[in-house]
$ cat data29.cif   # mmCIF, C-alpha atoms (C1' of nucleotides)
data_input
#
loop_
_atom_site.label_atom_id
_atom_site.label_comp_id
_atom_site.auth_asym_id
_atom_site.auth_seq_id
_atom_site.Cartn_x
_atom_site.Cartn_y
_atom_site.Cartn_z
CA MET K 554 -21.15 -51.35 59.42
CA SER K 555 -17.68 -51.16 60.76
CA ILE K 556 -14.80 -53.24 59.59
CA LEU K 557 -11.45 -53.73 61.20
CA PHE K 558 -9.75 -50.57 59.91
CA SER K 559 -10.87 -47.05 59.08
CA ARG K 560 -11.11 -45.84 55.51
CA GLN K 561 -8.16 -43.65 56.13
CA CYS K 562 -6.16 -46.65 57.18
CA GLU K 563 -7.12 -48.66 54.10
CA TYR K 564 -6.05 -45.74 51.94
CA ALA K 565 -2.81 -45.38 53.84
CA ILE K 566 -1.94 -49.01 53.21
CA LYS K 567 -2.68 -48.71 49.52
CA ALA K 568 -0.61 -45.56 49.24
CA VAL K 569 2.39 -46.96 51.07
CA VAL K 570 2.31 -50.12 49.03
CA TYR K 571 2.12 -48.00 45.90
CA LEU K 572 5.23 -46.13 46.97
CA ALA K 573 6.95 -49.40 47.72
CA VAL K 574 6.43 -50.52 44.15
CA LYS K 575 8.56 -47.60 42.97
CA LYS K 576 12.35 -47.56 42.99
CA ASP K 577 13.99 -46.59 46.26
CA GLY K 578 13.60 -42.94 47.04
CA GLU K 579 11.54 -42.14 43.95
CA ARG K 580 9.10 -39.38 44.69
CA VAL K 581 5.44 -39.62 43.92
CA ALA K 582 3.15 -36.61 43.97
CA THR K 583 -0.32 -36.57 45.44
CA ASN K 584 -1.63 -36.14 41.96
CA GLU K 585 -0.35 -39.49 40.77
CA LEU K 586 -1.62 -41.23 43.87
CA THR K 587 -5.10 -39.82 43.61
CA ARG K 588 -5.29 -40.89 39.97
CA ARG K 589 -3.85 -44.36 40.33
CA LEU K 590 -5.45 -45.29 43.63
CA ASN K 591 -8.71 -43.49 43.12
CA ILE K 592 -8.61 -41.79 46.49
CA PRO K 593 -9.92 -38.22 46.84
CA TYR K 594 -7.08 -35.76 46.29
CA HIS K 595 -7.25 -33.69 49.45
CA PHE K 596 -7.92 -36.70 51.56
CA VAL K 597 -4.95 -38.71 50.40
CA ALA K 598 -2.83 -35.58 50.78
CA LYS K 599 -3.82 -35.38 54.42
CA ILE K 600 -3.16 -39.03 54.99
CA LEU K 601 0.32 -38.81 53.50
CA GLN K 602 0.95 -35.79 55.65
CA ASN K 603 0.03 -37.88 58.68
CA LEU K 604 2.28 -40.72 57.64
CA THR K 605 5.10 -38.25 57.16
CA LYS K 606 4.64 -36.88 60.65
CA LYS K 607 4.78 -40.42 61.97
CA GLY K 608 8.09 -40.96 60.21
CA LEU K 609 6.99 -43.60 57.73
CA LEU K 610 7.31 -41.30 54.72
CA ARG K 611 9.58 -38.50 53.64
CA SER K 612 8.20 -35.48 51.81
CA ALA K 613 9.65 -32.87 49.48
CA LYS K 614 7.99 -29.65 48.41
CA GLY K 615 8.14 -27.93 45.10
CA PRO K 616 8.30 -29.15 41.52
CA ARG K 617 9.44 -32.77 41.31
CA GLY K 618 8.58 -33.00 44.97
CA GLY K 619 6.31 -35.62 46.46
CA PHE K 620 6.43 -38.49 48.89
CA SER K 621 8.70 -41.47 49.28
CA LEU K 622 9.29 -44.14 51.87
CA ALA K 623 11.40 -43.06 54.82
CA LEU K 624 12.58 -46.64 55.38
CA PRO K 625 13.43 -49.66 53.27
CA ALA K 626 10.20 -51.26 52.16
CA ASN K 627 10.97 -54.50 53.93
CA GLU K 628 11.19 -52.66 57.22
CA ILE K 629 7.66 -51.26 57.04
CA THR K 630 4.97 -53.70 58.09
CA LEU K 631 1.24 -53.44 57.77
CA PHE K 632 1.17 -53.20 61.50
CA ASP K 633 3.29 -50.03 61.40
CA ILE K 634 0.81 -48.36 59.08
CA VAL K 635 -2.22 -49.42 61.08
CA ASP K 636 -0.49 -48.22 64.22
CA ALA K 637 0.28 -44.84 62.65
CA ILE K 638 -3.27 -44.22 61.50
CA ASP K 639 -5.76 -46.10 63.65
CA GLY K 640 -3.62 -46.96 66.64
CA THR K 641 -3.44 -50.41 68.12
CA ALA K 642 -6.38 -50.40 70.49
CA PHE K 643 -7.87 -53.32 68.62
CA THR K 644 -5.05 -55.56 69.84
CA ARG K 645 -6.27 -55.06 73.36
CA SER K 646 -9.92 -54.16 73.39
CA CYS K 647 -12.66 -56.49 74.44
CA LEU K 648 -15.02 -57.58 71.71
CA LEU K 649 -17.96 -56.61 73.84
CA GLY K 650 -16.38 -53.41 75.10
CA PHE K 651 -16.03 -54.37 78.74
CA PRO K 652 -13.31 -52.08 80.01
CA GLU K 653 -12.17 -54.42 82.74
CA CYS K 654 -12.12 -57.56 80.63
CA SER K 655 -8.69 -59.14 80.81
CA GLY K 656 -6.87 -62.43 81.09
CA LYS K 657 -7.57 -62.77 84.80
CA ASN K 658 -11.08 -61.46 84.56
CA PRO K 659 -12.22 -62.55 81.12
CA CYS K 660 -15.63 -61.88 79.66
CA SER K 661 -17.26 -64.86 78.04
CA VAL K 662 -15.79 -64.32 74.63
CA HIS K 663 -12.47 -63.05 75.87
CA ASN K 664 -10.39 -66.10 75.24
CA ALA K 665 -11.79 -66.85 71.83
CA TRP K 666 -11.41 -63.28 70.70
CA ALA K 667 -7.98 -62.92 72.23
CA LEU K 668 -6.75 -65.70 69.97
CA GLN K 669 -8.26 -64.02 66.93
CA ARG K 670 -6.71 -60.68 67.73
CA GLU K 671 -3.36 -62.28 68.27
CA SER K 672 -3.46 -64.02 64.96
CA ILE K 673 -4.56 -60.88 63.14
CA GLN K 674 -1.73 -59.01 64.75
CA GLU K 675 0.73 -61.67 63.75
CA MET K 676 -0.44 -61.42 60.20
CA LEU K 677 -0.03 -57.64 60.19
CA VAL K 678 3.42 -57.80 61.71
CA GLY K 679 4.38 -60.57 59.34
CA LYS K 680 3.53 -58.71 56.16
CA ASN K 681 5.92 -55.97 55.09
CA VAL K 682 5.21 -53.67 52.20
CA SER K 683 8.05 -55.03 50.14
CA GLN K 684 6.27 -58.39 49.97
CA LEU K 685 2.99 -56.68 49.22
CA ALA K 686 4.58 -54.61 46.49
CA ARG K 687 5.95 -57.76 44.91
CA ASP K 688 2.51 -59.38 44.86
CA MET K 689 1.08 -56.23 43.52
CA LYS K 690 3.10 -55.79 40.38
CA LYS K 691 -0.05 -56.65 38.49
CA PRO K 692 -1.89 -53.72 39.95
CA GLU K 693 -5.57 -54.32 39.93
CA TYR K 694 -5.21 -51.18 41.91
CA GLN K 695 -8.67 -49.82 42.19
CA SER K 696 -10.59 -48.02 44.81
CA ARG K 697 -13.25 -48.16 47.37
CA ARG K 698 -14.97 -50.64 49.40
CA LYS K 699 -18.01 -52.14 47.83
CA GLY K 700 -19.83 -54.34 50.32
CA MET V 1095 -10.59 -46.15 65.36
CA SER V 1096 -12.90 -48.76 64.02
CA ILE V 1097 -13.15 -52.22 65.40
CA LEU V 1098 -14.88 -55.23 64.00
CA PHE V 1099 -18.37 -54.43 65.26
CA SER V 1100 -20.31 -51.24 65.87
CA ARG V 1101 -21.15 -49.95 69.30
CA GLN V 1102 -24.73 -50.81 68.70
CA CYS V 1103 -23.75 -54.37 68.01
CA GLU V 1104 -21.69 -54.65 71.20
CA TYR V 1105 -24.66 -53.36 73.14
CA ALA V 1106 -26.97 -55.78 71.40
CA ILE V 1107 -24.80 -58.72 72.36
CA LYS V 1108 -24.63 -57.62 75.97
CA ALA V 1109 -28.37 -57.13 76.11
CA VAL V 1110 -29.22 -60.49 74.57
CA VAL V 1111 -26.80 -62.27 76.87
CA TYR V 1112 -28.35 -60.45 79.79
CA LEU V 1113 -31.77 -61.72 78.76
CA ALA V 1114 -30.39 -65.21 78.37
CA VAL V 1115 -29.28 -65.21 81.97
CA LYS V 1116 -32.92 -64.83 83.04
CA LYS V 1117 -35.41 -67.67 83.23
CA ASP V 1118 -37.13 -68.60 80.00
CA GLY V 1119 -39.60 -66.00 78.93
CA GLU V 1120 -38.94 -63.67 81.83
CA ARG V 1121 -39.46 -60.11 80.75
CA VAL V 1122 -36.92 -57.42 81.33
CA ALA V 1123 -37.72 -53.74 80.95
CA THR V 1124 -35.48 -51.22 79.25
CA ASN V 1125 -35.01 -49.62 82.61
CA GLU V 1126 -33.33 -52.64 84.11
CA LEU V 1127 -31.10 -53.08 81.09
CA THR V 1128 -29.92 -49.51 81.03
CA ARG V 1129 -29.07 -49.69 84.71
CA ARG V 1130 -27.36 -53.06 84.71
CA LEU V 1131 -25.54 -52.75 81.41
CA ASN V 1132 -24.82 -49.06 81.57
CA ILE V 1133 -26.12 -48.35 78.10
CA PRO V 1134 -27.97 -45.10 77.39
CA TYR V 1135 -31.68 -45.63 77.93
CA HIS V 1136 -33.11 -44.49 74.64
CA PHE V 1137 -30.32 -46.08 72.70
CA VAL V 1138 -30.74 -49.52 74.20
CA ALA V 1139 -34.46 -49.17 73.71
CA LYS V 1140 -33.91 -48.60 69.99
CA ILE V 1141 -31.55 -51.53 69.75
CA LEU V 1142 -34.00 -53.88 71.43
CA GLN V 1143 -36.68 -52.63 69.11
CA ASN V 1144 -34.42 -53.55 66.19
CA LEU V 1145 -33.74 -56.99 67.57
CA THR V 1146 -37.46 -57.48 68.03
CA LYS V 1147 -38.13 -56.56 64.43
CA LYS V 1148 -35.50 -59.09 63.38
CA GLY V 1149 -37.26 -61.76 65.37
CA LEU V 1150 -34.61 -62.43 67.98
CA LEU V 1151 -36.62 -60.91 70.79
CA ARG V 1152 -40.24 -60.70 71.80
CA SER V 1153 -41.69 -57.53 73.31
CA ALA V 1154 -44.67 -56.75 75.51
CA LYS V 1155 -46.06 -53.33 76.30
CA GLY V 1156 -47.54 -52.08 79.50
CA PRO V 1157 -46.75 -52.71 83.15
CA ARG V 1158 -44.80 -55.93 83.65
CA GLY V 1159 -43.97 -55.68 79.96
CA GLY V 1160 -40.47 -55.73 78.54
CA PHE V 1161 -38.31 -57.88 76.34
CA SER V 1162 -37.53 -61.56 76.32
CA LEU V 1163 -35.82 -63.99 73.97
CA ALA V 1164 -37.96 -65.13 71.07
CA LEU V 1165 -36.00 -68.40 70.86
CA PRO V 1166 -34.31 -70.82 73.23
CA ALA V 1167 -30.99 -69.29 74.29
CA ASN V 1168 -29.02 -72.12 72.80
CA GLU V 1169 -30.48 -71.38 69.39
CA ILE V 1170 -29.25 -67.80 69.28
CA THR V 1171 -25.63 -67.45 68.27
CA LEU V 1172 -23.41 -64.41 68.37
CA PHE V 1173 -23.47 -64.56 64.62
CA ASP V 1174 -27.23 -64.09 64.59
CA ILE V 1175 -26.94 -60.93 66.62
CA VAL V 1176 -24.13 -59.50 64.55
CA ASP V 1177 -26.08 -60.32 61.44
CA ALA V 1178 -29.18 -58.58 62.76
CA ILE V 1179 -27.38 -55.38 63.67
CA ASP V 1180 -24.30 -54.90 61.51
CA GLY V 1181 -24.95 -57.36 58.74
CA THR V 1182 -22.41 -59.86 57.54
CA ALA V 1183 -20.42 -57.80 55.06
CA PHE V 1184 -17.29 -58.40 57.09
CA THR V 1185 -17.38 -62.08 56.15
CA ARG V 1186 -16.82 -61.09 52.55
CA SER V 1187 -15.14 -57.72 52.34
CA CYS V 1188 -11.53 -57.19 51.45
CA LEU V 1189 -9.36 -55.89 54.25
CA LEU V 1190 -8.01 -53.17 52.01
CA GLY V 1191 -11.33 -52.36 50.42
CA PHE V 1192 -10.62 -53.52 46.89
CA PRO V 1193 -14.04 -54.16 45.44
CA GLU V 1194 -12.85 -56.76 42.98
CA CYS V 1195 -10.67 -58.66 45.40
CA SER V 1196 -11.72 -62.30 45.41
CA GLY V 1197 -10.43 -65.83 45.42
CA LYS V 1198 -9.51 -65.76 41.76
CA ASN V 1199 -8.19 -62.23 41.84
CA PRO V 1200 -6.83 -61.86 45.34
CA CYS V 1201 -5.19 -58.76 46.71
CA SER V 1202 -1.98 -59.34 48.55
CA VAL V 1203 -3.52 -59.88 51.92
CA HIS V 1204 -6.58 -61.65 50.62
CA ASN V 1205 -5.66 -65.18 51.56
CA ALA V 1206 -4.37 -64.35 54.98
CA TRP V 1207 -7.41 -62.27 55.79
CA ALA V 1208 -9.80 -64.79 54.31
CA LEU V 1209 -8.57 -67.33 56.84
CA GLN V 1210 -9.01 -64.86 59.68
CA ARG V 1211 -12.52 -63.98 58.65
CA GLU V 1212 -13.43 -67.60 58.40
CA SER V 1213 -12.17 -68.35 61.84
CA ILE V 1214 -13.89 -65.32 63.33
CA GLN V 1215 -17.10 -66.40 61.71
CA GLU V 1216 -16.71 -69.90 63.05
CA MET V 1217 -16.25 -68.52 66.50
CA LEU V 1218 -19.38 -66.39 66.21
CA VAL V 1219 -21.44 -69.26 64.90
CA GLY V 1220 -20.02 -71.56 67.55
CA LYS V 1221 -20.96 -69.41 70.51
CA ASN V 1222 -24.59 -69.35 71.49
CA VAL V 1223 -25.95 -67.07 74.16
CA SER V 1224 -26.81 -69.92 76.45
CA GLN V 1225 -23.12 -70.74 76.80
CA LEU V 1226 -22.30 -67.08 77.24
CA ALA V 1227 -24.97 -66.69 79.87
CA ARG V 1228 -23.54 -69.63 81.76
CA ASP V 1229 -20.07 -68.07 81.80
CA MET V 1230 -21.56 -64.83 82.84
CA LYS V 1231 -23.30 -65.85 86.02
CA LYS V 1232 -20.65 -63.88 87.84
CA PRO V 1233 -21.62 -60.70 86.09
CA GLU V 1234 -18.78 -58.29 85.97
CA TYR V 1235 -21.39 -56.71 83.82
CA GLN V 1236 -20.15 -53.21 83.31
CA SER V 1237 -20.17 -50.73 80.52
CA ARG V 1238 -18.37 -49.05 77.75
CA ARG V 1239 -15.30 -49.48 75.75
CA LYS V 1240 -12.22 -47.94 77.26
CA GLY V 1241 -9.30 -48.21 74.82
"C1'" DA F 345 14.11 -12.74 40.11
"C1'" DG F 346 9.88 -14.74 38.82
"C1'" DT F 347 6.78 -18.43 38.04
"C1'" DA F 348 4.95 -22.90 38.48
"C1'" DT F 349 4.61 -26.93 41.33
"C1'" DT F 350 4.13 -29.11 45.26
"C1'" DT F 351 3.57 -30.00 50.40
"C1'" DC F 352 1.88 -27.91 55.02
"C1'" DG F 353 -1.50 -26.54 58.35
"C1'" DG F 354 -5.67 -25.35 59.72
"C1'" DA F 355 -10.39 -24.66 59.19
"C1'" DG F 356 -14.62 -25.99 57.13
"C1'" DT F 357 -18.46 -29.13 55.20
"C1'" DC F 358 -20.92 -33.37 54.54
"C1'" DT F 359 -22.30 -37.93 56.12
"C1'" DT F 360 -22.87 -41.61 59.28
"C1'" DT F 361 -23.18 -43.19 63.77
"C1'" DT F 362 -24.34 -42.50 68.36
"C1'" DC F 363 -27.43 -40.96 71.40
"C1'" DT F 364 -31.93 -38.09 72.91
"C1'" DC F 365 -36.59 -36.61 72.99
"C1'" DT F 366 -41.50 -36.71 72.53
"C1'" DG F 367 -45.99 -38.22 71.69
"C1'" DA F 368 -48.66 -42.05 70.83
"C1'" DA F 369 -50.32 -46.97 71.56
"C1'" DT F 370 -51.02 -50.82 74.51
"C1'" DA F 371 -51.44 -53.54 78.45
"C1'" DT F 372 -51.89 -54.23 83.59
"C1'" DA F 373 -53.68 -53.49 88.01
"C1'" DA F 374 -56.54 -51.29 91.26
"C1'" DT N 169 -62.52 -47.10 84.10
"C1'" DT N 170 -58.68 -44.74 85.42
"C1'" DA N 171 -53.83 -44.39 86.43
"C1'" DT N 172 -49.47 -46.15 85.39
"C1'" DA N 173 -45.85 -48.69 83.24
"C1'" DT N 174 -44.13 -49.88 79.35
"C1'" DT N 175 -42.94 -50.40 74.16
"C1'" DC N 176 -43.33 -48.11 69.39
"C1'" DA N 177 -42.22 -44.83 65.86
"C1'" DG N 178 -40.14 -41.24 64.07
"C1'" DA N 179 -37.75 -37.00 64.37
"C1'" DG N 180 -33.87 -34.52 66.24
"C1'" DA N 181 -29.14 -33.29 68.37
"C1'" DA N 182 -24.28 -34.26 69.07
"C1'" DA N 183 -20.07 -36.44 68.00
"C1'" DA N 184 -17.08 -38.81 64.99
"C1'" DG N 185 -15.42 -39.90 60.61
"C1'" DA N 186 -14.77 -38.80 55.74
"C1'" DC N 187 -13.71 -35.51 52.72
"C1'" DT N 188 -12.78 -30.33 50.85
"C1'" DC N 189 -10.76 -25.90 50.51
"C1'" DC N 190 -7.54 -22.22 50.90
"C1'" DG N 191 -3.63 -19.54 51.89
"C1'" DA N 192 1.18 -19.99 53.01
"C1'" DA N 193 5.82 -21.95 52.56
"C1'" DA N 194 9.29 -24.29 50.09
"C1'" DT N 195 11.67 -25.75 45.97
"C1'" DA N 196 12.96 -26.26 41.09
"C1'" DC N 197 13.23 -24.45 36.64
"C1'" DT N 198 13.67 -20.66 33.36
#
$ encode --input "data29.cif" --output "structure tokens"
Amino acid sequence: MSILFSRQCEYAIKAVVYLAVKKDGERVATNELTRRLNIPYHFVAKILQNLTKKGLLRSAKGPRGGFSLALPANEITLFDIVDAIDGTAFTRSCLLGFPECSGKNPCSVHNAWALQRESIQEMLVGKNVSQLARDMKKPEYQSRRKG
Amino acid sequence: MSILFSRQCEYAIKAVVYLAVKKDGERVATNELTRRLNIPYHFVAKILQNLTKKGLLRSAKGPRGGFSLALPANEITLFDIVDAIDGTAFTRSCLLGFPECSGKNPCSVHNAWALQRESIQEMLVGKNVSQLARDMKKPEYQSRRKG
DNA sequence: AGTATTTCGGAGTCTTTTCTCTGAATATAA
DNA sequence: TTATATTCAGAGAAAAGACTCCGAAATACT
């Protein structure tokens, strides 16, 4: 099937936005996330671990431990999260997978697709999780992709 | 990683465009395709078989057999190929995977992404393989995704 | 100090996608 | 009619992605 981002990346976005809804620095444990976001426990744990390594989150062990944003919510964009999890290859890669497709040697869909990519990227850079959190106060927070 | 279309779909597009470059009804064997497009033999064979089942291609067995377009090149759009291989879920699905995300109950990136999807779809519908074939007369036809 | 809670790190399993193989069926050409 | 070139069909192997498990380390609370 294949859609723009991996599952893991979708989950990461949901989790970070969830953290952004909380007060600054408030810690949230994996347990709460798995319940509220409906993401498998061990999987979301791993994802948060990854985000921590990338410096987007801060973690604390022990009772009352958990995860919190490492930066102000308005300084974390969707793009940052996508970059941390999936990388940014999609901003460059040819739709048809030609390795040598580029501006000076474009494949036949290069230009059209290049515009699309650009505008997707702009959207991702333009949305920070503080905005998303605001929209999301009414959390119809549920899980999984349907179809 | 995950990009908009599957590998199989990329390959399908390349193959169909390759056929469109040929004269009407000219048959091309799997062998030629695998060599020219650098796609694994048995894999491209399967893909062409799929496209045949979907009615986009015609096949002929035996010596001087092979595959050819089942329709005039200007009546096959990129969208048709994507539809045949990956399906069109991407035109509907929420970027974050919320199953109940929709126009009346949008997630926080719904509207932005809905516009993107729409414009991607328009591009796919707007490009037929005859146009692509024309662009591609200078075939820098090579293989695989790099990064 | 001891216990409970929580993340960390690595390895392991399951599923889907990508890619391979093989044996048959069919058509062409000599 | 025989040899050969080709697709067809389905099963199988390998790699990638999604998800699980477990033991260890850290911290807070009693």
$ residues_around --input "data29.cif" --residues "segment 1117-1134 of chain V" --least-positions-apart "6" --cutoff "9 Å" --atoms "all atoms listed in the file" --output "PyMOL selection string"
(chain V and resi 1105+1108-1109+1142+1152-1154+1158-1164+1166-1167+1235-1238) or (chain F and resi 363) or (chain N and resi 174)
$ calpha_fit_and_write --input "data29.cif" --fixed "chain K" --moving "chain V" --output "short mmCIF file (atom, residue, chain, number, x, y, z; two decimals) with C-alpha atoms, in the frame of the given file"
data_model
loop_
_atom_site.label_atom_id
_atom_site.label_comp_id
_atom_site.auth_asym_id
_atom_site.auth_seq_id
_atom_site.Cartn_x
_atom_site.Cartn_y
_atom_site.Cartn_z
CA MET V 1095 -21.02 -51.17 59.59
CA SER V 1096 -17.60 -50.99 61.08
CA ILE V 1097 -14.75 -53.13 60.00
CA LEU V 1098 -11.40 -53.65 61.60
CA PHE V 1099 -9.69 -50.58 60.17
CA SER V 1100 -10.82 -47.09 59.23
CA ARG V 1101 -11.10 -45.89 55.68
CA GLN V 1102 -8.15 -43.68 56.25
CA CYS V 1103 -6.12 -46.66 57.27
CA GLU V 1104 -7.09 -48.66 54.18
CA TYR V 1105 -6.05 -45.72 52.05
CA ALA V 1106 -2.80 -45.39 53.92
CA ILE V 1107 -1.93 -49.01 53.29
CA LYS V 1108 -2.70 -48.72 49.60
CA ALA V 1109 -0.64 -45.57 49.31
CA VAL V 1110 2.39 -46.96 51.11
CA VAL V 1111 2.28 -50.13 49.04
CA TYR V 1112 2.04 -48.01 45.93
CA LEU V 1113 5.17 -46.15 46.97
CA ALA V 1114 6.91 -49.42 47.70
CA VAL V 1115 6.36 -50.54 44.15
CA LYS V 1116 8.48 -47.61 42.94
CA LYS V 1117 12.27 -47.57 42.92
CA ASP V 1118 13.94 -46.60 46.17
CA GLY V 1119 13.51 -42.96 46.94
CA GLU V 1120 11.45 -42.19 43.87
CA ARG V 1121 9.03 -39.42 44.62
CA VAL V 1122 5.37 -39.66 43.88
CA ALA V 1123 3.07 -36.65 43.92
CA THR V 1124 -0.37 -36.60 45.46
CA ASN V 1125 -1.74 -36.19 41.99
CA GLU V 1126 -0.46 -39.53 40.81
CA LEU V 1127 -1.71 -41.27 43.92
CA THR V 1128 -5.19 -39.86 43.70
CA ARG V 1129 -5.44 -40.92 40.08
CA ARG V 1130 -3.99 -44.39 40.42
CA LEU V 1131 -5.56 -45.31 43.73
CA ASN V 1132 -8.82 -43.50 43.28
CA ILE V 1133 -8.68 -41.78 46.63
CA PRO V 1134 -9.98 -38.22 47.00
CA TYR V 1135 -7.15 -35.78 46.40
CA HIS V 1136 -7.24 -33.70 49.54
CA PHE V 1137 -7.93 -36.69 51.69
CA VAL V 1138 -4.98 -38.71 50.48
CA ALA V 1139 -2.85 -35.62 50.83
CA LYS V 1140 -3.82 -35.37 54.50
CA ILE V 1141 -3.13 -39.04 55.06
CA LEU V 1142 0.32 -38.82 53.52
CA GLN V 1143 1.00 -35.80 55.64
CA ASN V 1144 0.10 -37.88 58.70
CA LEU V 1145 2.33 -40.72 57.64
CA THR V 1146 5.14 -38.24 57.12
CA LYS V 1147 4.71 -36.86 60.60
CA LYS V 1148 4.87 -40.40 61.94
CA GLY V 1149 8.14 -40.94 60.14
CA LEU V 1150 7.05 -43.60 57.68
CA LEU V 1151 7.33 -41.31 54.69
CA ARG V 1152 9.57 -38.50 53.56
CA SER V 1153 8.17 -35.47 51.74
CA ALA V 1154 9.61 -32.88 49.39
CA LYS V 1155 7.95 -29.68 48.27
CA GLY V 1156 8.11 -28.00 44.93
CA PRO V 1157 8.25 -29.29 41.37
CA ARG V 1158 9.46 -32.89 41.21
CA GLY V 1159 8.56 -33.07 44.89
CA GLY V 1160 6.26 -35.65 46.41
CA PHE V 1161 6.39 -38.51 48.85
CA SER V 1162 8.67 -41.47 49.21
CA LEU V 1163 9.30 -44.15 51.81
CA ALA V 1164 11.42 -43.03 54.74
CA LEU V 1165 12.62 -46.61 55.29
CA PRO V 1166 13.48 -49.65 53.19
CA ALA V 1167 10.21 -51.27 52.10
CA ASN V 1168 11.01 -54.47 53.88
CA GLU V 1169 11.24 -52.62 57.17
CA ILE V 1170 7.71 -51.24 57.01
CA THR V 1171 5.05 -53.68 58.09
CA LEU V 1172 1.31 -53.42 57.79
CA PHE V 1173 1.29 -53.18 61.54
CA ASP V 1174 3.37 -50.01 61.42
CA ILE V 1175 0.87 -48.36 59.13
CA VAL V 1176 -2.13 -49.41 61.15
CA ASP V 1177 -0.39 -48.21 64.26
CA ALA V 1178 0.36 -44.83 62.70
CA ILE V 1179 -3.20 -44.21 61.57
CA ASP V 1180 -5.66 -46.08 63.77
CA GLY V 1181 -3.50 -46.95 66.73
CA THR V 1182 -3.30 -50.40 68.21
CA ALA V 1183 -6.28 -50.39 70.56
CA PHE V 1184 -7.76 -53.31 68.69
CA THR V 1185 -4.95 -55.54 69.94
CA ARG V 1186 -6.23 -55.05 73.45
CA SER V 1187 -9.89 -54.14 73.42
CA CYS V 1188 -12.68 -56.47 74.37
CA LEU V 1189 -14.94 -57.50 71.53
CA LEU V 1190 -17.99 -56.60 73.57
CA GLY V 1191 -16.52 -53.43 74.98
CA PHE V 1192 -16.27 -54.44 78.62
CA PRO V 1193 -13.63 -52.14 80.02
CA GLU V 1194 -12.54 -54.52 82.73
CA CYS V 1195 -12.40 -57.60 80.55
CA SER V 1196 -8.95 -59.14 80.82
CA GLY V 1197 -7.11 -62.40 81.15
CA LYS V 1198 -7.93 -62.77 84.82
CA ASN V 1199 -11.46 -61.50 84.47
CA PRO V 1200 -12.46 -62.57 81.00
CA CYS V 1201 -15.82 -61.93 79.41
CA SER V 1202 -17.37 -64.89 77.72
CA VAL V 1203 -15.81 -64.33 74.37
CA HIS V 1204 -12.54 -63.04 75.73
CA ASN V 1205 -10.41 -66.09 75.12
CA ALA V 1206 -11.72 -66.81 71.69
CA TRP V 1207 -11.29 -63.22 70.61
CA ALA V 1208 -7.89 -62.91 72.23
CA LEU V 1209 -6.64 -65.68 69.97
CA GLN V 1210 -8.10 -63.98 66.91
CA ARG V 1211 -6.54 -60.66 67.76
CA GLU V 1212 -3.21 -62.28 68.29
CA SER V 1213 -3.30 -64.00 64.97
CA ILE V 1214 -4.41 -60.85 63.17
CA GLN V 1215 -1.59 -58.98 64.78
CA GLU V 1216 0.88 -61.64 63.77
CA MET V 1217 -0.30 -61.37 60.22
CA LEU V 1218 0.10 -57.59 60.24
CA VAL V 1219 3.55 -57.77 61.73
CA GLY V 1220 4.50 -60.54 59.33
CA LYS V 1221 3.62 -58.68 56.17
CA ASN V 1222 5.97 -55.95 55.08
CA VAL V 1223 5.25 -53.66 52.18
CA SER V 1224 8.08 -55.02 50.12
CA GLN V 1225 6.32 -58.39 49.96
CA LEU V 1226 3.03 -56.68 49.23
CA ALA V 1227 4.59 -54.61 46.49
CA ARG V 1228 5.99 -57.74 44.91
CA ASP V 1229 2.55 -59.38 44.84
CA MET V 1230 1.11 -56.24 43.48
CA LYS V 1231 3.16 -55.82 40.35
CA LYS V 1232 0.03 -56.71 38.44
CA PRO V 1233 -1.84 -53.79 39.88
CA GLU V 1234 -5.52 -54.38 39.87
CA TYR V 1235 -5.13 -51.21 41.80
CA GLN V 1236 -8.61 -49.86 42.04
CA SER V 1237 -10.62 -48.03 44.60
CA ARG V 1238 -13.19 -48.09 47.27
CA ARG V 1239 -14.95 -50.55 49.39
CA LYS V 1240 -18.04 -52.02 47.84
CA GLY V 1241 -19.85 -54.22 50.38
#
$ atom_distance --input "data29.cif" --atom1 "atom CA of Trp1207 of chain V" --atom2 "atom CA of Ala1178 of chain V"
23.2 Å
$ interface_residues --input "data29.cif" --of "chain N" --to "chain V" --cutoff "9 Å" --atoms "only C-alpha atoms (C1' of nucleotides)" --output "ChimeraX atom specification"
/N:172-176
$ atom_distance --input "data29.cif" --atom1 "atom CA of His1204 of chain V" --atom2 "atom CA of Asn603 of chain K"
26.0 Å
$ interface_residues --input "data29.cif" --of "chain V" --to "chain K" --cutoff "9 Å" --atoms "all atoms listed in the file" --output "ChimeraX atom specification"
/V:1095-1101,1103-1105,1107-1108,1179-1184,1186-1195,1199,1201-1203,1206-1207,1210,1213-1214,1217,1221,1225-1230,1233-1241
$ closest_residue --input "data29.cif" --among "F:DT357, F:DT347, F:DT366, F:DT372" --to "chain V" --atoms "all atoms listed in the file"
F:DT372
